[in-house]
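What's in coords.cif: mmCIF, C-alpha atoms and all ligand atoms
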```
data_target
loop_
_atom_site.label_atom_id
_atom_site.label_comp_id
_atom_site.auth_asym_id
_atom_site.auth_seq_id
_atom_site.Cartn_x
_atom_site.Cartn_y
_atom_site.Cartn_z
CA MET A 1 0.00 0.00 0.00
CA ALA A 2 1.35 3.45 -0.92
CA LEU A 3 0.11 6.61 0.78
CA THR A 4 1.12 10.21 0.05
CA ALA A 5 0.66 12.76 2.84
CA LEU A 6 1.34 16.49 2.86
CA ASP A 7 3.29 17.69 5.90
CA ARG A 8 2.50 21.41 5.80
CA GLY A 9 5.02 22.34 8.50
CA GLY A 10 7.98 20.35 7.22
CA PRO A 11 10.99 20.14 7.68
CA ALA A 12 12.35 17.97 4.88
CA PRO A 13 13.46 14.62 6.36
CA LEU A 14 16.68 12.62 5.94
CA ALA A 15 16.55 9.16 4.37
CA GLY A 16 16.08 6.62 7.17
CA GLN A 17 14.06 8.95 9.40
CA PHE A 18 10.48 8.04 10.23
CA TYR A 19 7.09 9.52 11.17
CA MET A 20 4.39 8.50 13.66
CA LEU A 21 1.02 8.33 11.89
CA MET A 22 -2.58 8.04 12.96
CA THR A 23 -6.00 9.06 11.71
CA PRO A 24 -8.13 11.64 13.62
CA ALA A 25 -11.10 9.24 13.69
CA GLY A 26 -11.18 5.48 14.30
CA TRP A 27 -8.09 5.61 16.48
CA GLY A 28 -7.69 5.54 20.27
CA GLY A 29 -9.93 2.59 21.09
CA GLY A 30 -13.59 2.88 20.15
CA ALA A 31 -15.73 0.06 18.84
CA ASP A 32 -12.87 -2.27 17.94
CA GLY A 33 -10.60 -1.34 20.83
CA ARG A 34 -7.18 -0.92 19.20
CA PRO A 35 -5.13 0.91 18.04
CA TYR A 36 -4.32 3.40 20.79
CA LEU A 37 -0.88 4.52 19.67
CA PRO A 38 0.31 6.05 16.40
CA ARG A 39 2.29 3.76 14.12
CA ALA A 40 5.87 4.31 12.92
CA LEU A 41 6.47 4.44 9.18
CA SER A 42 9.60 5.32 7.23
CA PHE A 43 9.09 7.65 4.31
CA ALA A 44 10.02 6.53 0.82
CA ARG A 45 10.07 9.85 -0.99
CA ALA A 46 9.87 13.48 0.15
CA VAL A 47 9.07 16.24 -2.33
CA GLN A 48 9.31 19.83 -1.13
CA SER A 49 6.94 22.47 -2.49
CA ASP A 50 5.53 25.84 -1.38
CA ASP A 51 2.68 23.93 0.34
CA GLY A 52 4.97 21.75 2.47
CA VAL A 53 6.64 18.35 2.11
CA ALA A 54 4.76 15.61 0.25
CA LEU A 55 5.71 12.31 1.90
CA ASP A 56 5.27 8.87 0.39
CA PHE A 57 4.82 5.92 2.75
CA LEU A 58 4.83 2.23 1.82
CA PHE A 59 3.28 -0.21 4.24
CA GLU A 60 1.77 -3.63 4.66
CA ASP A 61 -1.62 -4.14 6.27
CA VAL A 62 -0.42 -6.26 9.19
CA GLY A 63 -2.69 -5.07 12.01
CA PRO A 64 -5.27 -2.51 13.15
CA GLY A 65 -3.11 0.58 12.62
CA THR A 66 -2.04 -0.18 9.08
CA GLU A 67 -5.56 -1.42 8.32
CA ARG A 68 -6.96 2.02 9.25
CA LEU A 69 -4.26 3.79 7.29
CA THR A 70 -5.19 1.64 4.30
CA ALA A 71 -8.70 3.10 4.48
CA VAL A 72 -7.51 6.73 4.25
CA GLY A 73 -8.95 8.43 1.17
CA VAL A 74 -7.87 11.35 -1.01
CA GLY A 75 -8.15 14.62 0.96
CA ASP A 76 -8.64 12.92 4.36
CA GLU A 77 -6.82 14.38 7.34
CA LEU A 78 -3.90 12.49 8.89
CA LEU A 79 -2.09 13.18 12.15
CA ILE A 80 1.64 13.01 11.49
CA ALA A 81 4.54 13.67 13.86
CA GLY A 82 8.14 13.73 12.70
CA PRO A 83 10.61 13.43 11.17
CA PHE A 84 12.14 11.37 14.00
CA GLY A 85 15.42 9.53 14.52
CA ASN A 86 18.64 9.67 12.60
CA GLY A 87 19.20 8.85 8.95
CA PHE A 88 21.73 7.02 6.82
CA ALA A 89 25.07 8.87 6.79
CA LEU A 90 27.00 8.60 3.53
CA GLU A 91 30.59 7.47 4.13
CA ALA A 92 32.92 9.48 1.90
CA ASP A 93 35.24 7.66 -0.49
CA ARG A 94 33.47 4.33 -0.20
CA TRP A 95 31.10 2.75 -2.72
CA PRO A 96 27.48 2.84 -1.45
CA VAL A 97 25.67 -0.50 -1.64
CA LEU A 98 21.96 -0.13 -0.87
CA ILE A 99 19.93 -3.20 0.11
CA ALA A 100 16.17 -3.40 0.59
CA GLY A 101 14.20 -6.40 1.79
CA GLY A 102 10.41 -6.42 1.49
CA ILE A 103 8.70 -3.36 2.95
CA GLY A 104 12.19 -2.18 4.00
CA LEU A 105 12.21 -0.70 0.52
CA ALA A 106 10.94 2.70 1.74
CA PRO A 107 14.12 4.17 3.32
CA ILE A 108 16.26 2.67 0.56
CA VAL A 109 14.23 4.53 -2.09
CA ALA A 110 14.68 7.68 0.00
CA PHE A 111 18.46 7.18 0.29
CA ASP A 112 18.73 6.49 -3.44
CA ASP A 113 16.92 9.84 -4.03
CA GLU A 114 19.33 11.56 -1.61
CA LEU A 115 22.41 10.15 -3.38
CA ARG A 116 21.09 11.07 -6.81
CA ASP A 117 21.02 14.71 -5.68
CA LEU A 118 24.74 14.57 -4.85
CA ASP A 119 27.21 15.27 -7.63
CA GLY A 120 29.27 12.30 -8.73
CA VAL A 121 27.92 9.77 -6.20
CA ARG A 122 26.71 6.52 -7.71
CA ALA A 123 25.47 3.44 -5.89
CA THR A 124 24.68 -0.22 -6.43
CA THR A 125 21.24 -1.25 -5.22
CA PHE A 126 19.85 -4.69 -4.44
CA VAL A 127 16.23 -5.56 -3.69
CA GLY A 128 15.03 -8.84 -2.19
CA MET A 129 11.34 -9.75 -2.34
CA ARG A 130 9.22 -12.85 -1.89
CA SER A 131 7.88 -12.72 -5.46
CA SER A 132 7.58 -10.53 -8.56
CA ALA A 133 4.21 -9.23 -7.26
CA HIS A 134 5.93 -7.85 -4.13
CA ALA A 135 8.76 -6.48 -6.29
CA SER A 136 6.39 -4.22 -8.23
CA ALA A 137 6.69 -1.62 -5.42
CA ALA A 138 10.25 -0.86 -6.58
CA GLY A 139 8.82 -0.07 -10.04
CA LEU A 140 6.78 2.77 -8.52
CA TYR A 141 10.03 4.66 -7.97
CA ASP A 142 12.09 3.79 -11.03
CA LEU A 143 14.75 2.40 -8.69
CA LYS A 144 17.70 0.96 -10.65
CA HIS A 145 18.43 -2.32 -8.88
CA SER A 146 19.32 -5.99 -9.06
CA LEU A 147 16.42 -8.13 -7.89
CA ALA A 148 16.26 -11.43 -6.04
CA THR A 149 12.96 -13.20 -5.40
CA GLU A 150 12.54 -16.20 -3.16
CA ASP A 151 10.20 -17.95 -5.62
CA GLY A 152 12.29 -17.06 -8.68
CA SER A 153 9.36 -15.31 -10.40
CA ALA A 154 11.68 -12.39 -11.27
CA GLY A 155 15.42 -11.78 -11.09
CA HIS A 156 17.79 -14.07 -9.24
CA GLN A 157 16.07 -16.97 -7.48
CA GLY A 158 17.10 -16.99 -3.84
CA TYR A 159 18.04 -14.52 -1.15
CA VAL A 160 19.31 -11.03 -1.94
CA THR A 161 22.32 -11.72 0.30
CA GLU A 162 23.64 -14.11 -2.37
CA LEU A 163 23.90 -11.16 -4.79
CA VAL A 164 25.36 -8.93 -2.10
CA ALA A 165 28.10 -11.48 -1.27
CA THR A 166 29.33 -11.37 -4.89
CA GLN A 167 29.28 -7.55 -4.83
CA LEU A 168 31.31 -7.32 -1.60
CA GLU A 169 33.90 -9.78 -2.91
CA ALA A 170 34.32 -7.69 -6.08
CA GLN A 171 34.23 -4.34 -4.29
CA PRO A 172 35.53 -4.48 -0.71
CA ASP A 173 35.70 -0.67 -0.51
CA SER A 174 31.89 -0.65 -0.14
CA THR A 175 29.68 0.60 2.67
CA VAL A 176 26.34 -1.16 3.02
CA TYR A 177 23.07 0.65 3.83
CA ALA A 178 20.20 -1.77 4.45
CA CYS A 179 16.62 -2.06 5.64
CA GLY A 180 14.53 -5.21 5.78
CA PRO A 181 13.35 -8.03 8.01
CA PRO A 182 15.54 -8.94 11.00
CA ALA A 183 16.78 -12.23 9.48
CA MET A 184 17.95 -10.38 6.36
CA LEU A 185 19.62 -7.62 8.37
CA GLU A 186 21.40 -10.22 10.49
CA ALA A 187 22.65 -12.06 7.38
CA ILE A 188 23.91 -8.74 6.01
CA ARG A 189 25.54 -7.79 9.30
CA VAL A 190 27.46 -11.10 9.37
CA LEU A 191 28.38 -10.83 5.67
CA CYS A 192 29.75 -7.32 6.17
CA GLU A 193 31.70 -8.41 9.23
CA GLU A 194 33.25 -11.28 7.25
CA HIS A 195 34.26 -8.90 4.44
CA GLY A 196 35.42 -6.07 6.72
CA VAL A 197 32.78 -3.80 5.18
CA PRO A 198 30.97 -1.15 7.31
CA SER A 199 27.19 -1.43 7.45
CA GLN A 200 24.35 0.88 8.48
CA LEU A 201 21.15 -1.01 9.29
CA ALA A 202 17.72 0.65 9.56
CA MET A 203 16.03 -1.34 12.32
CA GLU A 204 12.60 -1.63 13.92
CA SER A 205 11.33 -2.08 17.44
CA GLY A 206 7.94 -1.43 19.02
CA MET A 207 7.55 2.36 19.31
CA ALA A 208 4.96 4.15 21.43
CA CYS A 209 6.05 7.80 21.33
CA GLY A 210 8.78 8.04 18.66
CA PHE A 211 10.69 10.87 20.36
CA GLY A 212 12.53 9.40 23.34
CA ALA A 213 10.00 9.75 26.16
CA CYS A 214 8.62 6.25 26.81
CA TYR A 215 11.66 3.94 26.59
CA GLY A 216 9.43 1.40 24.84
CA CYS A 217 11.86 1.01 21.95
CA VAL A 218 15.11 0.16 23.77
CA VAL A 219 17.35 -2.38 22.07
CA PRO A 220 20.65 -3.91 23.22
CA THR A 221 23.94 -2.93 21.55
CA LYS A 222 27.56 -3.74 22.39
CA ASP A 223 27.67 -0.39 24.25
CA GLY A 224 24.51 -0.99 26.27
CA TYR A 225 20.84 -0.24 25.64
CA ILE A 226 19.79 2.56 23.29
CA ARG A 227 16.45 4.10 22.40
CA LEU A 228 15.98 3.15 18.78
CA CYS A 229 13.73 6.15 18.09
CA VAL A 230 16.39 8.74 18.97
CA ASP A 231 19.71 6.83 18.66
CA GLY A 232 18.43 4.98 15.55
CA PRO A 233 16.60 3.66 13.69
CA VAL A 234 19.84 3.45 11.68
CA ILE A 235 22.55 1.62 13.65
CA GLU A 236 26.02 0.59 12.57
CA GLY A 237 26.23 -3.19 12.20
CA ALA A 238 29.48 -3.13 14.20
CA GLN A 239 27.51 -1.88 17.23
CA LEU A 240 25.41 -5.05 17.33
CA ASP A 241 26.00 -8.61 18.48
CA THR A 242 22.94 -9.54 16.44
CA ALA A 243 20.33 -7.71 14.36
CA ILE A 244 17.67 -10.14 15.57
CA LEU A 245 16.25 -8.44 18.63
CA SER A 246 13.44 -9.89 20.71
CA GLY A 247 10.04 -8.37 19.92
CA MET A 248 11.10 -6.58 16.75
CA ALA A 249 9.43 -6.43 13.35
CA HIS A 250 6.66 -8.42 11.77
C1 LIG B 301 11.28 3.18 12.61
C2 LIG B 301 10.22 2.29 12.02
C3 LIG B 301 9.90 2.41 10.69
C4 LIG B 301 8.90 1.58 10.12
N1 LIG B 301 8.61 1.73 8.80
C5 LIG B 301 7.67 0.94 8.25
C6 LIG B 301 7.33 1.08 6.86
O1 LIG B 301 7.89 1.92 6.15
N2 LIG B 301 6.37 0.28 6.36
C7 LIG B 301 5.74 -0.68 7.15
O2 LIG B 301 4.87 -1.41 6.61
N3 LIG B 301 6.02 -0.83 8.45
C8 LIG B 301 6.97 -0.04 9.01
N4 LIG B 301 7.26 -0.18 10.34
C9 LIG B 301 6.56 -1.20 11.13
C10 LIG B 301 5.20 -0.70 11.63
O3 LIG B 301 5.35 0.45 12.43
C11 LIG B 301 4.60 -1.82 12.49
O4 LIG B 301 4.42 -2.96 11.68
C12 LIG B 301 3.30 -1.43 13.17
O5 LIG B 301 3.26 -2.09 14.39
C13 LIG B 301 2.06 -1.80 12.38
O6 LIG B 301 0.91 -1.47 13.16
P1 LIG B 301 -0.42 -2.32 13.11
O7 LIG B 301 -1.34 -1.78 14.11
O8 LIG B 301 -0.90 -2.39 11.69
O9 LIG B 301 0.04 -3.79 13.47
P2 LIG B 301 0.39 -4.33 14.94
O10 LIG B 301 -0.84 -4.91 15.55
O11 LIG B 301 1.14 -3.30 15.70
O12 LIG B 301 1.38 -5.51 14.52
C14 LIG B 301 0.94 -6.58 13.71
C15 LIG B 301 1.83 -7.77 13.93
O13 LIG B 301 3.20 -7.49 13.62
C16 LIG B 301 4.01 -7.60 14.78
N5 LIG B 301 4.85 -6.41 14.75
C17 LIG B 301 4.80 -5.49 13.79
N6 LIG B 301 5.71 -4.54 13.95
C18 LIG B 301 6.33 -4.81 15.08
C19 LIG B 301 7.37 -4.16 15.75
N7 LIG B 301 7.94 -3.05 15.29
N8 LIG B 301 7.77 -4.71 16.90
C20 LIG B 301 7.18 -5.82 17.37
N9 LIG B 301 6.22 -6.50 16.72
C21 LIG B 301 5.79 -6.01 15.60
C22 LIG B 301 3.09 -7.67 15.94
O14 LIG B 301 3.62 -8.54 16.92
C23 LIG B 301 1.84 -8.24 15.35
O15 LIG B 301 1.92 -9.64 15.29
C24 LIG B 301 8.24 0.62 10.92
C25 LIG B 301 8.56 0.52 12.28
C26 LIG B 301 9.55 1.32 12.82
C27 LIG B 301 9.87 1.19 14.27
S1 LIG B 302 9.42 5.13 21.18
FE1 LIG B 302 9.26 6.15 23.07
S2 LIG B 302 11.33 6.28 23.72
FE2 LIG B 302 11.48 5.41 21.73
#
```
Just give me the structure of the file as structure tokens.
Amino acid sequence: MALTALDRGGPAPLAGQFYMLMTPAGWGGGADGRPYLPRALSFARAVQSDDGVALDFLFEDVGPGTERLTAVGVGDELLIAGPFGNGFALEADRWPVLIAGGIGLAPIVAFDDELRDLDGVRATTFVGMRSSAHASAAGLYDLKHSLATEDGSAGHQGYVTELVATQLEAQPDSTVYACGPPAMLEAIRVLCEEHGVPSQLAMESGMACGFGACYGCVVPTKDGYIRLCVDGPVIEGAQLDTAILSGMAH
């Protein structure tokens, strides 16, 4: 599902940052009980105009919050807070390798946009999806990429990490920027460690406030616990013992 929302106040976000979204009606309990809290979504594209920043979100209908967001129509009001968290930070003099898995596509599209605006910076992008139907989301954004699908219905049959391994062997002066399901991020973290390649991983954890107040989003790192909403959601792979954290991601 793709949703475009106008943030009249701005500011323009950095790729990897996220927003907390909810609808003015049908939220906060009511007939069906949930959801009470806004839901975190990364933006995929931000377009600045005199009216504000038009933000694209990509999401899966996995529960009551995303189900209500799916029902939002043209011209409906949305309550949006953000942008929150950090973003991907381009490492100078290293080749950017962007990797998206599933709905983790959103911040990778945003980072690809950000790099395209920089003179002389090119990147190699990989997308891993379950099937060609899921991969069609990348087509919405004209994202130049190599594709892997688990069922082999498009691109390389298998996991995207198989393509990434070949890339890192050929180009060890890479830095990896990735977003996707925890198992994919963990495979990438290990792969990067084996190849001595730095990685920045956009992660998820359950978020109630999004701005550092509730401590609901804490995750363990080698340096102790951090609040993912303010110290992330982008974390260096080297900071983690594992990218599979209890209670994270669907
Ligand atoms: C920084 C950030 C960025 C995100 N960006 C996107 C995005 O671009 N697109 C997108 O589709 N989703 C994104 N998510 C995930 C999204 O916020 C959650 O899936 C959200 O919980 C969905 O709300 P819901 O009410 O529809 O489903 P819920 O009822 O909250 O969850 C449905 C199911 O998924 C599990 N689950 C989902 N997300 C989480 C989680 N974060 N932690 C623990 N369990 C979880 C639940 O256990 C439950 O089984 C992001 C999350 C974070 C933290
Ligand atoms: S979501 Fe509340 S502190 Fe991070």
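Here the question is which of A:Glu186, A:Asp223, A:Glu236, A:Asp7 gets nearest to Leu78 (chain A) using only C-alpha atoms, and that residue is A:Asp7.
Here the question is which of A:Leu191, A:Leu37, A:Leu79, A:Ala202 gets nearest to Gly216 (chain A) using only C-alpha atoms, and that residue is A:Leu37.
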Subject >> Contacts of ligand LIG 301 (chain B), 8 Å or closer, all atoms listed in the file, given as a ChimeraX atom specification >> reply: /A:17-19,34-35,39-44,57-68,85,103-107,202-207,217,228-229,232-233,247-250
Suppose we keep C-alpha atoms; can you now write the selection as a CSV table (one decimal), in the frame of the given file?
```
chain,number,residue,atom,x,y,z
A,17,GLN,CA,14.1,9.0,9.4
A,18,PHE,CA,10.5,8.0,10.2
A,19,TYR,CA,7.1,9.5,11.2
A,34,ARG,CA,-7.2,-0.9,19.2
A,35,PRO,CA,-5.1,0.9,18.0
A,39,ARG,CA,2.3,3.8,14.1
A,40,ALA,CA,5.9,4.3,12.9
A,41,LEU,CA,6.5,4.4,9.2
A,42,SER,CA,9.6,5.3,7.2
A,43,PHE,CA,9.1,7.6,4.3
A,44,ALA,CA,10.0,6.5,0.8
A,57,PHE,CA,4.8,5.9,2.8
A,58,LEU,CA,4.8,2.2,1.8
A,59,PHE,CA,3.3,-0.2,4.2
A,60,GLU,CA,1.8,-3.6,4.7
A,61,ASP,CA,-1.6,-4.1,6.3
A,62,VAL,CA,-0.4,-6.3,9.2
A,63,GLY,CA,-2.7,-5.1,12.0
A,64,PRO,CA,-5.3,-2.5,13.2
A,65,GLY,CA,-3.1,0.6,12.6
A,66,THR,CA,-2.0,-0.2,9.1
A,67,GLU,CA,-5.6,-1.4,8.3
A,68,ARG,CA,-7.0,2.0,9.2
A,85,GLY,CA,15.4,9.5,14.5
A,103,ILE,CA,8.7,-3.4,3.0
A,104,GLY,CA,12.2,-2.2,4.0
A,105,LEU,CA,12.2,-0.7,0.5
A,106,ALA,CA,10.9,2.7,1.7
A,107,PRO,CA,14.1,4.2,3.3
A,202,ALA,CA,17.7,0.6,9.6
A,203,MET,CA,16.0,-1.3,12.3
A,204,GLU,CA,12.6,-1.6,13.9
A,205,SER,CA,11.3,-2.1,17.4
A,206,GLY,CA,7.9,-1.4,19.0
A,207,MET,CA,7.6,2.4,19.3
A,217,CYS,CA,11.9,1.0,22.0
A,228,LEU,CA,16.0,3.2,18.8
A,229,CYS,CA,13.7,6.2,18.1
A,232,GLY,CA,18.4,5.0,15.6
A,233,PRO,CA,16.6,3.7,13.7
A,247,GLY,CA,10.0,-8.4,19.9
A,248,MET,CA,11.1,-6.6,16.8
A,249,ALA,CA,9.4,-6.4,13.4
A,250,HIS,CA,6.7,-8.4,11.8
```
**OP:** Calculate how many Å separate CA of Thr70 (chain A) from CA of Asp151 (chain A), rounding to one decimal.
**Re:**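 Distance between the two atoms: 26.8 Å.
Among the candidate residues A:Ala238, A:Leu143, A:Ala89, A:Ile226, the one lying nearest to Val190 (chain A) is A:Ala238, with distances computed using all atoms listed in the file.
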Could you pull region 153-222 of chain A out of the structure I just pasted and write it to a file containing C-alpha atoms, as a PDB file, in the first residue's frame?
```
ATOM      1  CA  SER A 153       9.357 -15.314 -10.403  1.00  0.00           C
ATOM      2  CA  ALA A 154      11.680 -12.387 -11.270  1.00  0.00           C
ATOM      3  CA  GLY A 155      15.416 -11.775 -11.089  1.00  0.00           C
ATOM      4  CA  HIS A 156      17.793 -14.072  -9.242  1.00  0.00           C
ATOM      5  CA  GLN A 157      16.073 -16.972  -7.479  1.00  0.00           C
ATOM      6  CA  GLY A 158      17.104 -16.987  -3.842  1.00  0.00           C
ATOM      7  CA  TYR A 159      18.042 -14.522  -1.152  1.00  0.00           C
ATOM      8  CA  VAL A 160      19.307 -11.033  -1.936  1.00  0.00           C
ATOM      9  CA  THR A 161      22.317 -11.719   0.302  1.00  0.00           C
ATOM     10  CA  GLU A 162      23.639 -14.108  -2.369  1.00  0.00           C
ATOM     11  CA  LEU A 163      23.903 -11.161  -4.787  1.00  0.00           C
ATOM     12  CA  VAL A 164      25.365  -8.927  -2.098  1.00  0.00           C
ATOM     13  CA  ALA A 165      28.101 -11.482  -1.272  1.00  0.00           C
ATOM     14  CA  THR A 166      29.329 -11.370  -4.889  1.00  0.00           C
ATOM     15  CA  GLN A 167      29.283  -7.554  -4.828  1.00  0.00           C
ATOM     16  CA  LEU A 168      31.310  -7.320  -1.604  1.00  0.00           C
ATOM     17  CA  GLU A 169      33.899  -9.780  -2.909  1.00  0.00           C
ATOM     18  CA  ALA A 170      34.319  -7.693  -6.081  1.00  0.00           C
ATOM     19  CA  GLN A 171      34.228  -4.339  -4.290  1.00  0.00           C
ATOM     20  CA  PRO A 172      35.531  -4.480  -0.707  1.00  0.00           C
ATOM     21  CA  ASP A 173      35.700  -0.666  -0.512  1.00  0.00           C
ATOM     22  CA  SER A 174      31.885  -0.647  -0.141  1.00  0.00           C
ATOM     23  CA  THR A 175      29.676   0.599   2.674  1.00  0.00           C
ATOM     24  CA  VAL A 176      26.338  -1.161   3.018  1.00  0.00           C
ATOM     25  CA  TYR A 177      23.073   0.650   3.834  1.00  0.00           C
ATOM     26  CA  ALA A 178      20.204  -1.772   4.449  1.00  0.00           C
ATOM     27  CA  CYS A 179      16.620  -2.064   5.640  1.00  0.00           C
ATOM     28  CA  GLY A 180      14.525  -5.207   5.783  1.00  0.00           C
ATOM     29  CA  PRO A 181      13.347  -8.032   8.007  1.00  0.00           C
ATOM     30  CA  PRO A 182      15.544  -8.942  10.996  1.00  0.00           C
ATOM     31  CA  ALA A 183      16.784 -12.230   9.480  1.00  0.00           C
ATOM     32  CA  MET A 184      17.946 -10.382   6.356  1.00  0.00           C
ATOM     33  CA  LEU A 185      19.624  -7.625   8.374  1.00  0.00           C
ATOM     34  CA  GLU A 186      21.404 -10.218  10.490  1.00  0.00           C
ATOM     35  CA  ALA A 187      22.651 -12.064   7.385  1.00  0.00           C
ATOM     36  CA  ILE A 188      23.913  -8.742   6.009  1.00  0.00           C
ATOM     37  CA  ARG A 189      25.539  -7.785   9.302  1.00  0.00           C
ATOM     38  CA  VAL A 190      27.455 -11.100   9.365  1.00  0.00           C
ATOM     39  CA  LEU A 191      28.383 -10.835   5.666  1.00  0.00           C
ATOM     40  CA  CYS A 192      29.750  -7.319   6.165  1.00  0.00           C
ATOM     41  CA  GLU A 193      31.702  -8.405   9.230  1.00  0.00           C
ATOM     42  CA  GLU A 194      33.250 -11.280   7.247  1.00  0.00           C
ATOM     43  CA  HIS A 195      34.261  -8.899   4.437  1.00  0.00           C
ATOM     44  CA  GLY A 196      35.420  -6.068   6.721  1.00  0.00           C
ATOM     45  CA  VAL A 197      32.776  -3.799   5.184  1.00  0.00           C
ATOM     46  CA  PRO A 198      30.970  -1.150   7.311  1.00  0.00           C
ATOM     47  CA  SER A 199      27.188  -1.427   7.451  1.00  0.00           C
ATOM     48  CA  GLN A 200      24.352   0.878   8.483  1.00  0.00           C
ATOM     49  CA  LEU A 201      21.154  -1.011   9.288  1.00  0.00           C
ATOM     50  CA  ALA A 202      17.716   0.652   9.558  1.00  0.00           C
ATOM     51  CA  MET A 203      16.031  -1.340  12.318  1.00  0.00           C
ATOM     52  CA  GLU A 204      12.597  -1.634  13.921  1.00  0.00           C
ATOM     53  CA  SER A 205      11.332  -2.081  17.442  1.00  0.00           C
ATOM     54  CA  GLY A 206       7.945  -1.426  19.017  1.00  0.00           C
ATOM     55  CA  MET A 207       7.554   2.357  19.306  1.00  0.00           C
ATOM     56  CA  ALA A 208       4.963   4.146  21.431  1.00  0.00           C
ATOM     57  CA  CYS A 209       6.046   7.803  21.328  1.00  0.00           C
ATOM     58  CA  GLY A 210       8.780   8.036  18.664  1.00  0.00           C
ATOM     59  CA  PHE A 211      10.694  10.872  20.363  1.00  0.00           C
ATOM     60  CA  GLY A 212      12.527   9.404  23.340  1.00  0.00           C
ATOM     61  CA  ALA A 213       9.997   9.752  26.160  1.00  0.00           C
ATOM     62  CA  CYS A 214       8.622   6.254  26.809  1.00  0.00           C
ATOM     63  CA  TYR A 215      11.665   3.936  26.587  1.00  0.00           C
ATOM     64  CA  GLY A 216       9.435   1.401  24.841  1.00  0.00           C
ATOM     65  CA  CYS A 217      11.858   1.014  21.950  1.00  0.00           C
ATOM     66  CA  VAL A 218      15.111   0.161  23.774  1.00  0.00           C
ATOM     67  CA  VAL A 219      17.350  -2.380  22.069  1.00  0.00           C
ATOM     68  CA  PRO A 220      20.655  -3.910  23.217  1.00  0.00           C
ATOM     69  CA  THR A 221      23.939  -2.933  21.554  1.00  0.00           C
ATOM     70  CA  LYS A 222      27.561  -3.743  22.395  1.00  0.00           C
TER      71      LYS A 222
END
```
